[in-house]
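Structure first, then comments.
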There are 2 protein chains.
Amino acid sequence: MFRFDLSPSSPTPIYRQIVDQVARAVASGSLQAGDELPSVRAVAQQHVVNPMTVSKAYALLEQQGTIERRRGLGMIVRAGEASALDERLALLQPALDHAAAVSRQLAITPKQAMAALKLTLELPNKVNLDE
Amino acid sequence: MFRFDLSPSSPTPIYRQIVDQVARAVASGSLQAGDELPSVRAVAQQHVVNPMTVSKAYALLEQQGTIERRRGLGMIVRAGEASALDERLALLQPALDHAAAVSRQLAITPKQAMAALKLTLELPNKVNLDE
DNA sequence: CAGACTGTATTACAGTAGTAGTACAGTAGA
DNA sequence: TCTACTGTACTACTACTGTAATACAGTCTG
């Protein structure tokens, strides 16, 4: 069962985080057509958010054709295949653009920024706050 | 004269972007005590935002002791010295954490993500959207 | 059928961010 | 003094995000 990683302190709204994470999971192949997503109530309870917030995200995803909402049954993924690497990289690009802009603003050299990212990427056990 | 790089499409509120960018510029030494910041009206006009939004950011910065607001004269930086590298890296860390989380969600390997960041960092002429 | 789950609808509210427009007060220079 | 800049105050508004509580409708299982 898919697991969301929601960060209330992020400037990105909760519902947006849900939508983005499902989109990414589909792009990466973690989620495939036919997979089930956790129920509105389960997500709301687990992440201590209002069910309507989760429902709003799922409504958007349904609108995009990514999932199908089934009253009484829950959500099912409808999207097709995982994306190629270049498409996935395009989805990563905004985050990289931001990190690059911030490092420039901080007068951090590319080399230093790269070293820091390398550490961040290689510490999967570290609790990373998403978004 | 300091130049802001504001992105209306970012989830980060405009006033927050202003505050963050001044903080980063001070940390990097780009802005030093005694430097002047552009006026509320100039920033508002240039970036097509309401002057009160800019004023709000400046008010926060004054509250933090980073700047001094002078009616009729404009803003002056009051903060002290640039930060050491490790402090600057700490300011970059949230952006790296996010990029790392997104790359994981997209099943992009560390090597691929690093290569993409390298390209992003080395294209200063590219129009990077901040935040 | 009852119970336990599923998603939805509804209403009203609160907080945050941002806005428009106007006027006031302060500063500096001609 | 006038002009052109400076920041602020104020009011009311809009848009967005998220919430609480409740009840309804749908599905499945024992």
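Chains: A, B, ... in order of the structure tokens. Residues: from 1 per chain. Ligands: from 1, in order shown.
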- prompt: If you run DSSP on this backbone, which residues of segment 42-123 of chain B come out as strand (DSSP E or B), and could you give them as a count of residues only?
  reply: 8
field: Nearby residues (only C-alpha atoms (C1' of nucleotides)) at most 12 Å from Ala101 of chain A, same-chain spacing under 2 positions excluded, as a VMD selection string
entry: (chain A and resid 94 to 99 103 to 110 113) or (chain B and resid 4 to 7 17 20 to 21 24 to 25 92 95 to 96 117 120 to 131)
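Once chain A is least-squares aligned to chain B over all ordered C-alpha pairs, the remaining root-mean-square deviation is 0.1 Å.
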- prompt: Which chain A residues are at most 6 Å from chain C (counting only C-alpha atoms (C1' of nucleotides)), as a count of residues only?
  reply: 4
Using only C-alpha atoms (C1' of nucleotides), find each residue of chain D with at least one atom at most 12 Å away from an atom of chain B; report its shortest atom-to-atom pair and that distance in Å (one decimal), sort the rows by chain and rising residue number, and return the result as a tab-separated table.
residue	atom	partner	partner_atom	distance
D:DA4	C1'	B:Gly72	CA	11.0
D:DC5	C1'	B:Gly72	CA	7.5
D:DT6	C1'	B:Gly72	CA	3.1
D:DG7	C1'	B:Arg71	CA	4.4
D:DT8	C1'	B:Arg71	CA	8.0
D:DA9	C1'	B:Met52	CA	10.3
D:DC10	C1'	B:Met52	CA	11.4
D:DC16	C1'	B:Pro11	CA	11.4
D:DT17	C1'	B:Pro11	CA	11.9
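Counting only C-alpha atoms and comparing B:Ala100, B:Val48, B:Leu61, B:Ala82, the residue that lies closest to chain A is B:Ala100.
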query: Per DSSP on the backbone, what are the alpha helix (DSSP H) residues of segment 20-99 of chain A, as an NGL selection string?
result: :A and (20-28 or 40-47 or 51-63 or 85-99)
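Among the candidates B:Gln112, B:Gln63, B:Phe2, B:Val102, the residue lying nearest to Gln32 of chain B is B:Phe2 (atoms considered: only C-alpha atoms).
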